[in-house]
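data_25.txt follows; it contains compact mmCIF, C-alpha atoms.
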# COMPACT_ATOMS: atom_id res chain seq x y z
CA MET A 1 0.00 0.00 0.00
CA SER A 2 1.44 3.27 -1.04
CA ALA A 3 1.70 6.28 1.19
CA HIS A 4 -0.52 8.05 -1.30
CA PHE A 5 -3.31 5.54 -0.74
CA LEU A 6 -2.91 5.77 3.03
CA GLY A 7 -3.25 9.53 2.76
CA LEU A 8 -6.45 9.19 0.77
CA LEU A 9 -7.73 6.64 3.27
CA GLY A 10 -7.23 9.29 5.93
CA ASP A 11 -9.46 11.62 3.90
CA TRP A 12 -12.13 9.00 3.29
CA MET A 13 -12.40 7.23 6.61
CA PRO A 14 -13.99 10.01 8.70
CA GLN A 15 -16.74 10.37 6.09
CA LEU A 16 -17.19 6.63 5.64
CA LEU A 17 -17.37 6.08 9.39
CA VAL A 18 -20.12 8.67 9.77
CA ALA A 19 -21.94 6.98 6.89
CA ALA A 20 -21.50 3.58 8.52
CA GLY A 21 -23.18 5.03 11.59
CA GLN A 22 -26.09 6.10 9.41
CA THR A 23 -26.22 2.59 7.95
CA LEU A 24 -26.43 1.11 11.46
CA LYS A 25 -29.12 3.60 12.44
CA MET A 26 -31.14 2.86 9.30
CA ALA A 27 -30.83 -0.89 9.88
CA ALA A 28 -31.83 -0.60 13.54
CA LEU A 29 -34.88 1.53 12.82
CA ALA A 30 -36.00 -0.67 9.93
CA TYR A 31 -35.48 -3.74 12.11
CA ALA A 32 -37.61 -2.31 14.91
CA LEU A 33 -40.35 -1.37 12.45
CA GLY A 34 -40.22 -4.80 10.80
CA ALA A 35 -40.27 -6.65 14.11
CA MET A 36 -43.35 -4.76 15.31
CA LEU A 37 -45.27 -4.76 12.05
CA GLY A 38 -44.38 -8.41 11.50
CA PHE A 39 -45.79 -9.33 14.91
CA VAL A 40 -49.06 -7.53 14.16
CA ILE A 41 -49.31 -9.35 10.82
CA ALA A 42 -48.62 -12.71 12.46
CA LEU A 43 -51.34 -12.09 15.03
CA GLY A 44 -53.68 -11.05 12.22
CA GLU A 45 -52.97 -14.28 10.38
CA LEU A 46 -53.35 -16.45 13.46
CA PHE A 47 -56.25 -14.84 15.27
CA GLY A 48 -57.84 -12.34 12.88
CA GLY A 49 -61.08 -13.09 11.13
CA ARG A 50 -61.21 -14.34 7.60
CA TRP A 51 -60.83 -10.90 6.00
CA ILE A 52 -57.90 -9.87 8.13
CA PHE A 53 -56.29 -13.23 7.46
CA TRP A 54 -56.50 -12.74 3.70
CA LEU A 55 -55.36 -9.14 3.90
CA CYS A 56 -52.25 -10.25 5.79
CA ARG A 57 -51.62 -13.15 3.40
CA VAL A 58 -51.84 -10.90 0.35
CA TYR A 59 -49.45 -8.43 1.97
CA VAL A 60 -46.92 -11.13 2.82
CA GLU A 61 -47.11 -12.74 -0.61
CA PHE A 62 -46.85 -9.45 -2.46
CA ILE A 63 -43.85 -8.30 -0.45
CA ARG A 64 -42.06 -11.63 -0.76
CA ALA A 65 -42.64 -11.89 -4.49
CA THR A 66 -41.30 -8.46 -5.45
CA PRO A 67 -37.79 -6.98 -5.08
CA THR A 68 -36.94 -4.65 -2.22
CA LEU A 69 -35.77 -2.18 -4.84
CA THR A 70 -39.20 -1.99 -6.48
CA GLN A 71 -40.84 -1.48 -3.08
CA LEU A 72 -38.33 1.22 -2.23
CA PHE A 73 -39.00 3.03 -5.50
CA LEU A 74 -42.76 2.75 -5.02
CA ILE A 75 -42.44 4.43 -1.64
CA TYR A 76 -39.86 7.02 -2.59
CA PHE A 77 -40.97 7.95 -6.11
CA GLY A 78 -44.57 6.73 -6.00
CA LEU A 79 -45.89 8.19 -2.75
CA PRO A 80 -45.18 11.83 -3.72
CA ALA A 81 -47.81 11.37 -6.45
CA ILE A 82 -50.41 11.04 -3.69
CA GLY A 83 -48.91 13.88 -1.70
CA VAL A 84 -46.62 11.96 0.68
CA VAL A 85 -43.04 13.17 0.30
CA LEU A 86 -40.49 11.35 2.45
CA PRO A 87 -36.80 12.07 2.78
CA GLY A 88 -34.64 9.27 1.42
CA PHE A 89 -33.56 8.01 4.83
CA TRP A 90 -37.11 7.54 6.10
CA ALA A 91 -38.35 6.14 2.81
CA ALA A 92 -35.62 3.51 3.13
CA VAL A 93 -36.49 2.77 6.78
CA ILE A 94 -40.15 2.30 5.88
CA ALA A 95 -39.48 0.25 2.75
CA LEU A 96 -36.98 -2.05 4.47
CA GLY A 97 -39.15 -2.32 7.58
CA ALA A 98 -42.25 -3.15 5.55
CA HIS A 99 -40.22 -5.66 3.54
CA TYR A 100 -38.77 -7.48 6.52
CA ALA A 101 -42.11 -7.41 8.34
CA ALA A 102 -43.45 -9.89 5.80
CA TYR A 103 -40.58 -12.31 6.42
CA MET A 104 -40.67 -11.79 10.16
CA ALA A 105 -44.43 -12.42 10.25
CA GLU A 106 -43.81 -15.86 8.77
CA VAL A 107 -41.22 -16.59 11.43
CA TYR A 108 -43.43 -15.44 14.30
CA ARG A 109 -46.31 -17.43 12.88
CA SER A 110 -44.34 -20.65 12.55
CA GLY A 111 -42.82 -20.12 16.00
CA ILE A 112 -46.20 -19.62 17.61
CA SER A 113 -47.75 -22.53 15.71
CA ALA A 114 -44.87 -24.76 16.77
CA VAL A 115 -45.95 -24.54 20.41
CA ASP A 116 -48.05 -27.56 21.33
CA ARG A 117 -51.83 -27.05 21.33
CA GLY A 118 -51.96 -28.57 24.79
CA GLN A 119 -50.18 -25.50 26.13
CA HIS A 120 -53.06 -23.28 24.98
CA GLU A 121 -55.59 -25.65 26.45
CA ALA A 122 -53.78 -25.96 29.75
CA ALA A 123 -53.48 -22.19 30.08
CA GLN A 124 -57.15 -21.78 29.40
CA ALA A 125 -58.00 -24.55 31.83
CA ILE A 126 -56.36 -22.63 34.67
CA GLY A 127 -58.36 -19.56 33.68
CA MET A 128 -55.86 -17.45 31.75
CA THR A 129 -57.15 -15.00 29.19
CA ARG A 130 -55.98 -15.20 25.60
CA ALA A 131 -53.57 -12.29 26.07
CA GLN A 132 -52.14 -13.84 29.23
CA THR A 133 -51.72 -17.19 27.51
CA MET A 134 -49.87 -15.51 24.67
CA LEU A 135 -47.61 -13.45 26.88
CA HIS A 136 -46.78 -15.93 29.65
CA ILE A 137 -47.11 -19.34 28.01
CA ILE A 138 -46.82 -19.29 24.24
CA LEU A 139 -44.32 -16.54 23.44
CA PRO A 140 -41.62 -17.67 25.91
CA GLN A 141 -41.65 -21.08 24.23
CA ALA A 142 -41.90 -19.69 20.69
CA VAL A 143 -38.82 -17.53 21.24
CA ARG A 144 -36.54 -20.55 20.84
CA VAL A 145 -37.82 -21.08 17.32
CA ILE A 146 -38.09 -17.39 16.48
CA LEU A 147 -34.73 -16.10 17.68
CA PRO A 148 -32.23 -17.69 15.23
CA PRO A 149 -34.00 -16.54 12.05
CA MET A 150 -34.61 -13.14 13.61
CA THR A 151 -30.88 -12.71 14.16
CA ASN A 152 -30.33 -13.74 10.56
CA PHE A 153 -32.72 -11.01 9.45
CA GLY A 154 -30.67 -8.44 11.35
CA ILE A 155 -27.57 -9.41 9.39
CA SER A 156 -29.20 -9.42 5.99
CA LEU A 157 -31.07 -6.19 6.77
CA LEU A 158 -27.76 -4.53 7.56
CA LYS A 159 -26.49 -5.46 4.10
CA ASP A 160 -29.77 -4.59 2.39
CA THR A 161 -29.53 -0.99 3.56
CA SER A 162 -26.98 -0.60 0.75
CA VAL A 163 -29.95 -0.59 -1.64
CA ALA A 164 -31.00 2.75 -0.12
CA SER A 165 -28.05 4.35 -1.94
CA LEU A 166 -30.11 3.99 -5.11
CA ILE A 167 -32.55 6.61 -3.83
CA ALA A 168 -29.62 8.69 -2.55
CA ALA A 169 -30.44 8.06 1.11
CA PRO A 170 -27.50 8.92 3.35
CA GLU A 171 -25.68 5.70 4.25
CA LEU A 172 -22.40 3.91 3.63
CA MET A 173 -22.87 2.86 0.01
CA MET A 174 -24.13 6.32 -0.93
CA ARG A 175 -21.07 7.95 0.63
CA ALA A 176 -18.85 5.53 -1.28
CA ASN A 177 -20.60 6.52 -4.52
CA ASP A 178 -20.09 10.20 -3.73
CA LEU A 179 -16.43 9.73 -2.95
CA THR A 180 -16.03 7.68 -6.13
CA SER A 181 -17.34 10.49 -8.26
CA GLU A 182 -15.00 12.86 -6.44
CA TYR A 183 -11.79 10.79 -6.54
CA TYR A 184 -12.57 8.31 -9.30
CA MET A 185 -11.01 5.40 -7.49
CA PRO A 186 -13.90 2.93 -7.49
CA MET A 187 -11.83 -0.18 -6.85
CA GLN A 188 -10.18 1.22 -3.72
CA LEU A 189 -13.34 2.87 -2.42
CA TYR A 190 -15.69 -0.05 -2.92
CA LEU A 191 -13.16 -2.47 -1.47
CA VAL A 192 -12.83 -0.29 1.62
CA THR A 193 -16.62 -0.11 1.79
CA GLY A 194 -16.84 -3.88 1.46
CA VAL A 195 -14.41 -4.28 4.33
CA MET A 196 -16.53 -1.94 6.44
CA TYR A 197 -19.67 -3.97 5.77
CA PHE A 198 -17.71 -7.10 6.61
CA VAL A 199 -16.55 -5.62 9.90
CA MET A 200 -20.15 -4.79 10.79
CA SER A 201 -21.84 -8.03 9.77
CA TYR A 202 -19.24 -10.73 10.37
CA PRO A 203 -19.19 -10.42 14.18
CA LEU A 204 -22.99 -10.60 14.13
CA SER A 205 -23.06 -13.83 12.16
CA THR A 206 -20.26 -15.40 14.19
CA GLY A 207 -22.07 -14.49 17.39
CA MET A 208 -25.26 -15.96 16.05
CA ARG A 209 -23.63 -19.24 15.18
CA TYR A 210 -22.09 -19.40 18.62
CA LEU A 211 -25.50 -18.89 20.22
CA GLU A 212 -27.04 -21.52 17.98
CA ARG A 213 -24.35 -24.03 18.82
CA ARG A 214 -24.79 -23.31 22.48
CA ALA A 215 -28.51 -23.80 22.19
CA GLY A 216 -27.49 -27.25 20.96
CA ARG A 217 -29.59 -27.45 17.87
CA SER A 218 -28.11 -28.26 14.53
CA ARG A 219 -30.63 -26.71 12.25
CA PRO A 220 -31.13 -27.28 8.55
CA VAL A 221 -29.64 -24.58 6.36
CA LEU A 222 -31.65 -21.45 6.63
CA LEU A 223 -31.54 -19.23 3.59
CA GLU A 224 -31.67 -15.58 4.36
CA PRO A 225 -34.42 -13.66 2.70
CA ILE A 226 -33.02 -11.75 -0.17
CA MET B 1 -55.24 13.72 -19.10
CA THR B 2 -54.83 12.18 -15.68
CA ASP B 3 -51.78 10.06 -14.93
CA TRP B 4 -53.83 6.87 -15.06
CA ALA B 5 -55.33 7.83 -18.41
CA ARG B 6 -51.86 8.54 -19.77
CA THR B 7 -50.69 5.19 -18.41
CA TRP B 8 -53.57 3.44 -20.16
CA HIS B 9 -52.72 5.28 -23.37
CA LEU B 10 -49.04 4.36 -23.16
CA LEU B 11 -49.61 0.83 -21.84
CA PRO B 12 -48.63 -1.05 -25.02
CA TYR B 13 -45.36 0.87 -25.14
CA PHE B 14 -44.68 0.26 -21.44
CA LEU B 15 -45.42 -3.43 -21.77
CA SER B 16 -43.12 -3.90 -24.74
CA VAL B 17 -40.21 -2.11 -23.02
CA LEU B 18 -40.79 -3.99 -19.75
CA TRP B 19 -41.09 -7.26 -21.63
CA SER B 20 -37.66 -6.87 -23.23
CA GLY B 21 -36.33 -6.05 -19.76
CA THR B 22 -37.97 -9.19 -18.42
CA ILE B 23 -36.08 -11.30 -20.93
CA MET B 24 -32.81 -9.76 -19.71
CA THR B 25 -33.88 -10.36 -16.10
CA VAL B 26 -34.42 -14.03 -16.92
CA ILE B 27 -31.03 -14.20 -18.66
CA VAL B 28 -29.21 -12.62 -15.70
CA THR B 29 -31.12 -14.84 -13.25
CA VAL B 30 -30.39 -18.06 -15.15
CA GLY B 31 -26.75 -17.08 -15.72
CA GLY B 32 -26.27 -16.14 -12.08
CA PHE B 33 -28.06 -19.29 -10.96
CA VAL B 34 -25.89 -21.62 -13.05
CA ALA B 35 -22.72 -19.85 -11.90
CA SER B 36 -23.88 -20.06 -8.26
CA ILE B 37 -24.56 -23.78 -8.54
CA LEU B 38 -21.17 -24.49 -10.11
CA LEU B 39 -19.29 -22.41 -7.54
CA GLY B 40 -21.43 -23.80 -4.73
CA VAL B 41 -20.71 -27.42 -5.66
CA LEU B 42 -17.01 -26.70 -6.18
CA PHE B 43 -16.51 -24.92 -2.86
CA ALA B 44 -18.71 -27.37 -0.97
CA ALA B 45 -16.48 -30.15 -2.28
CA LEU B 46 -13.45 -28.23 -1.02
CA ARG B 47 -15.15 -27.54 2.31
CA THR B 48 -15.87 -31.22 2.88
CA GLY B 49 -12.61 -32.45 1.31
CA SER B 50 -9.45 -33.47 3.10
CA SER B 51 -7.13 -30.58 2.16
CA ARG B 52 -6.84 -28.14 5.06
CA LEU B 53 -5.58 -25.30 2.89
CA LEU B 54 -8.37 -25.60 0.30
CA ASN B 55 -10.89 -25.92 3.10
CA ALA B 56 -9.66 -22.70 4.66
CA LEU B 57 -9.75 -20.93 1.29
CA ALA B 58 -13.31 -22.07 0.64
CA HIS B 59 -14.29 -21.01 4.13
CA ALA B 60 -12.82 -17.53 3.62
CA TYR B 61 -14.68 -17.23 0.31
CA VAL B 62 -17.98 -18.08 1.97
CA GLU B 63 -17.53 -15.74 4.91
CA ILE B 64 -16.36 -12.78 2.85
CA PHE B 65 -18.97 -12.96 0.12
CA ARG B 66 -21.80 -13.50 2.59
CA ALA B 67 -20.82 -10.59 4.81
CA VAL B 68 -20.71 -7.92 2.09
CA PRO B 69 -23.80 -6.58 0.30
CA VAL B 70 -24.24 -7.91 -3.22
CA LEU B 71 -24.57 -4.31 -4.44
CA THR B 72 -21.06 -3.56 -3.20
CA GLN B 73 -19.80 -6.68 -4.93
CA LEU B 74 -21.47 -5.66 -8.18
CA PHE B 75 -19.86 -2.21 -7.95
CA ILE B 76 -16.43 -3.70 -7.30
CA ILE B 77 -16.80 -5.93 -10.34
CA TYR B 78 -18.32 -3.37 -12.67
CA PHE B 79 -16.80 -0.01 -11.63
CA GLY B 80 -13.79 -1.28 -9.69
CA LEU B 81 -12.47 -3.72 -12.30
CA GLY B 82 -13.37 -1.22 -15.01
CA ALA B 83 -11.12 1.38 -13.44
CA ILE B 84 -8.12 -0.97 -13.40
CA GLY B 85 -8.56 -1.89 -17.05
CA ILE B 86 -10.85 -4.95 -16.88
CA ARG B 87 -13.94 -3.59 -18.56
CA LEU B 88 -16.94 -5.88 -18.40
CA SER B 89 -20.30 -5.23 -20.03
CA PRO B 90 -23.14 -4.84 -17.52
CA ILE B 91 -24.73 -8.22 -18.16
CA PRO B 92 -21.57 -10.34 -17.73
CA ALA B 93 -20.61 -8.22 -14.72
CA ALA B 94 -24.01 -8.88 -13.16
CA VAL B 95 -23.83 -12.61 -13.89
CA ILE B 96 -20.35 -12.82 -12.35
CA GLY B 97 -21.40 -10.73 -9.33
CA PHE B 98 -24.54 -12.71 -8.60
CA GLY B 99 -22.69 -15.95 -9.31
CA LEU B 100 -19.92 -15.19 -6.82
CA ASN B 101 -22.38 -13.99 -4.19
CA GLY B 102 -24.83 -16.85 -4.70
CA GLY B 103 -21.99 -19.37 -4.82
CA ALA B 104 -21.10 -18.47 -1.23
CA TYR B 105 -24.67 -19.12 -0.06
CA LEU B 106 -25.00 -22.34 -2.04
CA THR B 107 -21.65 -23.59 -0.73
CA GLU B 108 -23.21 -23.70 2.72
CA VAL B 109 -26.39 -25.26 1.35
CA PHE B 110 -24.52 -28.01 -0.50
CA ARG B 111 -22.22 -28.58 2.44
CA ALA B 112 -25.22 -29.15 4.71
CA GLY B 113 -26.64 -31.51 2.09
CA ILE B 114 -23.40 -33.46 1.78
CA ASP B 115 -23.13 -33.70 5.58
CA ALA B 116 -26.69 -34.99 5.72
CA VAL B 117 -25.90 -37.96 3.47
CA ASN B 118 -25.04 -41.00 5.54
CA LYS B 119 -21.27 -41.53 5.98
CA GLY B 120 -21.78 -45.20 5.13
CA GLN B 121 -22.54 -44.20 1.56
CA THR B 122 -19.06 -42.74 1.08
CA GLU B 123 -17.45 -45.68 2.85
CA ALA B 124 -19.32 -48.17 0.70
CA ALA B 125 -18.34 -46.31 -2.46
CA LEU B 126 -14.68 -46.23 -1.43
CA SER B 127 -14.73 -49.90 -0.48
CA ILE B 128 -15.83 -50.93 -3.98
CA GLY B 129 -12.82 -49.05 -5.31
CA MET B 130 -14.27 -45.68 -6.28
CA THR B 131 -11.99 -42.68 -5.97
CA LYS B 132 -13.04 -39.93 -3.56
CA LEU B 133 -14.10 -37.75 -6.47
CA MET B 134 -16.20 -40.54 -7.96
CA ALA B 135 -17.83 -41.21 -4.60
CA LEU B 136 -18.73 -37.55 -4.31
CA GLY B 137 -19.97 -37.19 -7.89
CA TYR B 138 -21.87 -40.45 -8.32
CA ILE B 139 -22.99 -41.35 -4.82
CA VAL B 140 -23.07 -38.43 -2.40
CA LEU B 141 -24.02 -35.43 -4.56
CA PRO B 142 -27.07 -37.02 -6.22
CA GLN B 143 -28.48 -37.76 -2.76
CA ALA B 144 -27.42 -34.40 -1.35
CA ILE B 145 -29.11 -32.49 -4.17
CA ARG B 146 -32.41 -34.18 -3.38
CA ILE B 147 -32.11 -32.98 0.20
CA VAL B 148 -31.24 -29.38 -0.63
CA LEU B 149 -33.60 -28.93 -3.59
CA PRO B 150 -36.12 -26.76 -1.69
CA SER B 151 -33.33 -24.49 -0.43
CA ILE B 152 -31.97 -24.12 -3.95
CA ALA B 153 -35.38 -23.27 -5.34
CA ASN B 154 -35.80 -20.68 -2.58
CA PHE B 155 -32.44 -19.27 -3.52
CA ALA B 156 -33.56 -18.97 -7.15
CA ILE B 157 -36.53 -16.83 -6.12
CA GLY B 158 -34.28 -14.57 -4.06
CA LEU B 159 -31.88 -14.29 -6.96
CA LEU B 160 -34.65 -13.36 -9.38
CA LYS B 161 -35.57 -10.42 -7.17
CA ASP B 162 -31.95 -9.49 -6.49
CA THR B 163 -31.25 -9.11 -10.20
CA SER B 164 -33.14 -5.82 -9.90
CA LEU B 165 -29.88 -4.49 -8.41
CA ALA B 166 -28.21 -5.05 -11.78
CA SER B 167 -30.05 -1.90 -12.86
CA ALA B 168 -27.48 0.01 -10.78
CA VAL B 169 -24.71 -1.16 -13.11
CA ALA B 170 -26.84 -0.27 -16.14
CA ALA B 171 -27.76 -3.82 -17.14
CA PRO B 172 -30.85 -3.33 -19.31
CA GLU B 173 -33.12 -5.61 -17.27
CA LEU B 174 -36.64 -5.07 -15.96
CA SER B 175 -35.84 -2.49 -13.27
CA PHE B 176 -33.44 -0.58 -15.48
CA ASN B 177 -35.99 -0.32 -18.29
CA ALA B 178 -38.51 0.83 -15.71
CA HIS B 179 -36.20 3.69 -14.63
CA MET B 180 -35.87 4.70 -18.27
CA LEU B 181 -39.64 4.77 -18.68
CA VAL B 182 -40.00 6.81 -15.48
CA ASP B 183 -37.39 9.29 -16.69
CA GLU B 184 -39.31 9.58 -19.93
CA THR B 185 -42.87 9.90 -18.61
CA PHE B 186 -42.64 10.63 -14.84
CA LEU B 187 -45.39 8.05 -14.23
CA SER B 188 -43.44 6.50 -11.36
CA THR B 189 -46.28 4.95 -9.33
CA GLN B 190 -47.90 3.36 -12.35
CA ILE B 191 -44.69 2.05 -13.85
CA TYR B 192 -43.29 0.61 -10.62
CA LEU B 193 -46.65 -1.07 -9.93
CA LEU B 194 -46.45 -2.63 -13.38
CA VAL B 195 -42.90 -3.75 -12.62
CA ALA B 196 -44.06 -5.28 -9.35
CA GLY B 197 -46.66 -7.17 -11.39
CA PHE B 198 -43.97 -8.51 -13.72
CA TYR B 199 -41.86 -9.74 -10.78
CA LEU B 200 -44.96 -11.24 -9.14
CA ALA B 201 -45.79 -13.12 -12.33
CA MET B 202 -42.32 -14.62 -12.35
CA SER B 203 -41.82 -15.41 -8.67
CA LEU B 204 -45.28 -16.66 -7.66
CA PRO B 205 -45.07 -19.74 -9.94
CA LEU B 206 -41.55 -20.34 -8.63
CA SER B 207 -42.72 -20.24 -5.03
CA ALA B 208 -45.50 -22.68 -5.89
CA VAL B 209 -42.75 -25.01 -7.11
CA VAL B 210 -40.85 -24.47 -3.84
CA ARG B 211 -43.90 -25.42 -1.79
CA MET B 212 -44.35 -28.55 -3.87
CA LEU B 213 -40.69 -29.50 -3.39
CA GLU B 214 -40.94 -28.88 0.34
CA ARG B 215 -44.03 -31.06 0.61
CA ARG B 216 -42.31 -33.80 -1.29
CA ALA B 217 -39.17 -33.53 0.85
CA ARG B 218 -41.25 -33.81 4.01
CA ARG B 219 -43.06 -36.85 2.66
CA SER B 220 -39.83 -38.64 1.71
CA GLN B 221 -38.40 -37.79 5.11
CA ARG B 222 -41.29 -39.55 6.78
CA ALA B 223 -41.08 -42.56 4.46
Translate this file's structure into C-alpha cells.
Amino acid sequence: MSAHFLGLLGDWMPQLLVAAGQTLKMAALAYALGAMLGFVIALGELFGGRWIFWLCRVYVEFIRATPTLTQLFLIYFGLPAIGVVLPGFWAAVIALGAHYAAYMAEVYRSGISAVDRGQHEAAQAIGMTRAQTMLHIILPQAVRVILPPMTNFGISLLKDTSVASLIAAPELMMRANDLTSEYYMPMQLYLVTGVMYFVMSYPLSTGMRYLERRAGRSRPVLLEPI
Amino acid sequence: MTDWARTWHLLPYFLSVLWSGTIMTVIVTVGGFVASILLGVLFAALRTGSSRLLNALAHAYVEIFRAVPVLTQLFIIYFGLGAIGIRLSPIPAAVIGFGLNGGAYLTEVFRAGIDAVNKGQTEAALSIGMTKLMALGYIVLPQAIRIVLPSIANFAIGLLKDTSLASAVAAPELSFNAHMLVDETFLSTQIYLLVAGFYLAMSLPLSAVVRMLERRARRSQRA
C-alpha cells in the first residue's frame, strides 16, 4: 500500500465512518419497524377473522414476491404522487421495515404454531385469558424457534440498507458513490466499503452461530431472505 | 389527461419495453443461478474435502462474500475492475457478481446436504474401489441435491428479485428499463406497480414449485 493511498484513506475514513453510523441507524430503525409490524401481521394471520387473514396473506405474498428495490421506489418515487413526500432516509427505513415485516411475520407465525396445542388448552383450563396465555405461556416457548431466524434477518437487513443508496439516502454505500465520483477510485473505495460492511456483519453472524451451537440445535440450512 | 389515463394510453409501449427487460432479467437470473450452482458445488467439495488449505480458502470465500452486500460486490466488479482496465459489459458483470455472491450461499447449502448424506454411503463407495471424487460425484451429490432442492429453489426466487440491483450497473433488465420509462414519462407509481406485477408473475409460480418440493421432501423424510 502506497503512502498516497494511506493519505487518501485518511481523507475518506472520517466520512465513511459517519456513513457507517447512518447505515447502522437505518438498519436498527427498519429492524424495529419490521419486528413490530411483523408481529401484528402474524397475530392477524393467526387470530384475525377471515378478511384480516387474507389481507395479511396478500401483503406477505406481495412483499415476498417483489424486489426490495421496487418497493423502495414505489415508496420514494410513488408516494409523492399522492402527496406523501419522504426524505430518502425515512423512505428507506419504511421500505426495508415493511419488507422485513413480511418475512418476520412468517417466522413469528411458525414459531407460535410450533408450540403444542396442549399448552393453549392448559393455560385456558387454569383460567388465563388469551392475552395472558400468549404473553406468559406461548411466546416464551416460541422464542426458541423465532430467535435464530430473527438474528439472521438483522444481518441481511444490515447489508440490504446498501440498496438505499439507489434513492440517494445517506448511508455507507451512498457515501462511497459520492467519494467515487469525487476521486474516481472505485476499486479502492468499494473495497474499503466492502471491508466496512464485513466488519459490521461478520461479528454478528459469528455471534449468532455461537449462540445456535450453544442452544445445541443443529438446524437445517436457513436461507436468508433476499 | 390524468396520470392513469396517460398510463392506459401508453400501456402497449410500457409493456413492450418492460417485456424486453424481463427477458434480460431471466437471462441474468439463469446465468447467475448456473454460476452459483457451479461455484457452490465446487466450494462445498473443497469444504468437505481433506485438504486443510483448500478448506480454509473455501471457508474464507464463503464468509467474505456472505458478509458484504451484493450491491457492493457488483460495484467492485463493474466499476472497480473497469477502473483498473478490466472492462466488463453490464450483463456479464451482473452474472459474475450474482454468481460469486450466490456461490457463497450455495456452498453452505450443498455442504449441509453433503453432511446430511449418511457416511456409510461414502465408505461403501470407497470400499468398492471408487476414488473420492467418484464417490462424491456419483454417490453423495445425487443424494445431497435431493435434500437441498427446496433451499436451492428458494435461492432462485431470491436471486430473481436481487437481479433488480443489476439496474445500478446499467444492465438493461426489468428495473433498469422501468427507470428509463419513469425518466421519460414521470409516471413513477404506475410504472413501478407494473414492474411489481412482472416480478410477481415470475416469482409466484416459482414459489409454488418451492412449496411442492418442500411437501415432497417432508413426505420422503417420513417414508
9 Å contacts from chain A to chain B using only C-alpha atoms, as JSON, numbers by chain: {"A": [61, 62, 64, 65, 66, 67, 68, 69, 70, 71, 73, 74, 75, 77, 78, 79, 80, 81, 155, 156, 158, 159, 160, 161, 162, 163, 166, 173, 184, 185, 186, 187, 188, 189, 190, 191, 193, 194, 195, 196, 197, 198, 199, 200, 201, 202, 205, 220, 221, 222, 223, 224, 225, 226]}
Write out as a short mmCIF file (atom, residue, chain, number, x, y, z; two decimals) with C-alpha atoms, in the frame of the given file the residues lying within 8 Å of Ser36 (chain B), counting only C-alpha atoms and excluding same-chain residues fewer than 5 positions away.
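The resulting file, around-v2.cif, is shown below:
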data_model
loop_
_atom_site.label_atom_id
_atom_site.label_comp_id
_atom_site.auth_asym_id
_atom_site.auth_seq_id
_atom_site.Cartn_x
_atom_site.Cartn_y
_atom_site.Cartn_z
CA PHE B 98 -24.54 -12.71 -8.60
CA GLY B 99 -22.69 -15.95 -9.31
CA LEU B 100 -19.92 -15.19 -6.82
CA ASN B 101 -22.38 -13.99 -4.19
CA GLY B 102 -24.83 -16.85 -4.70
CA GLY B 103 -21.99 -19.37 -4.82
CA ALA B 104 -21.10 -18.47 -1.23
CA LEU B 106 -25.00 -22.34 -2.04
#
Go ahead and fit an axis-aligned box to every listed atom of region 16-25 of chain B plus 4 Å each side, and pass me the centre and edge lengths in Å, one decimal, as JSON.
{"center_x": -38.0, "center_y": -6.7, "center_z": -20.4, "size_x": 18.3, "size_y": 17.2, "size_z": 16.6}
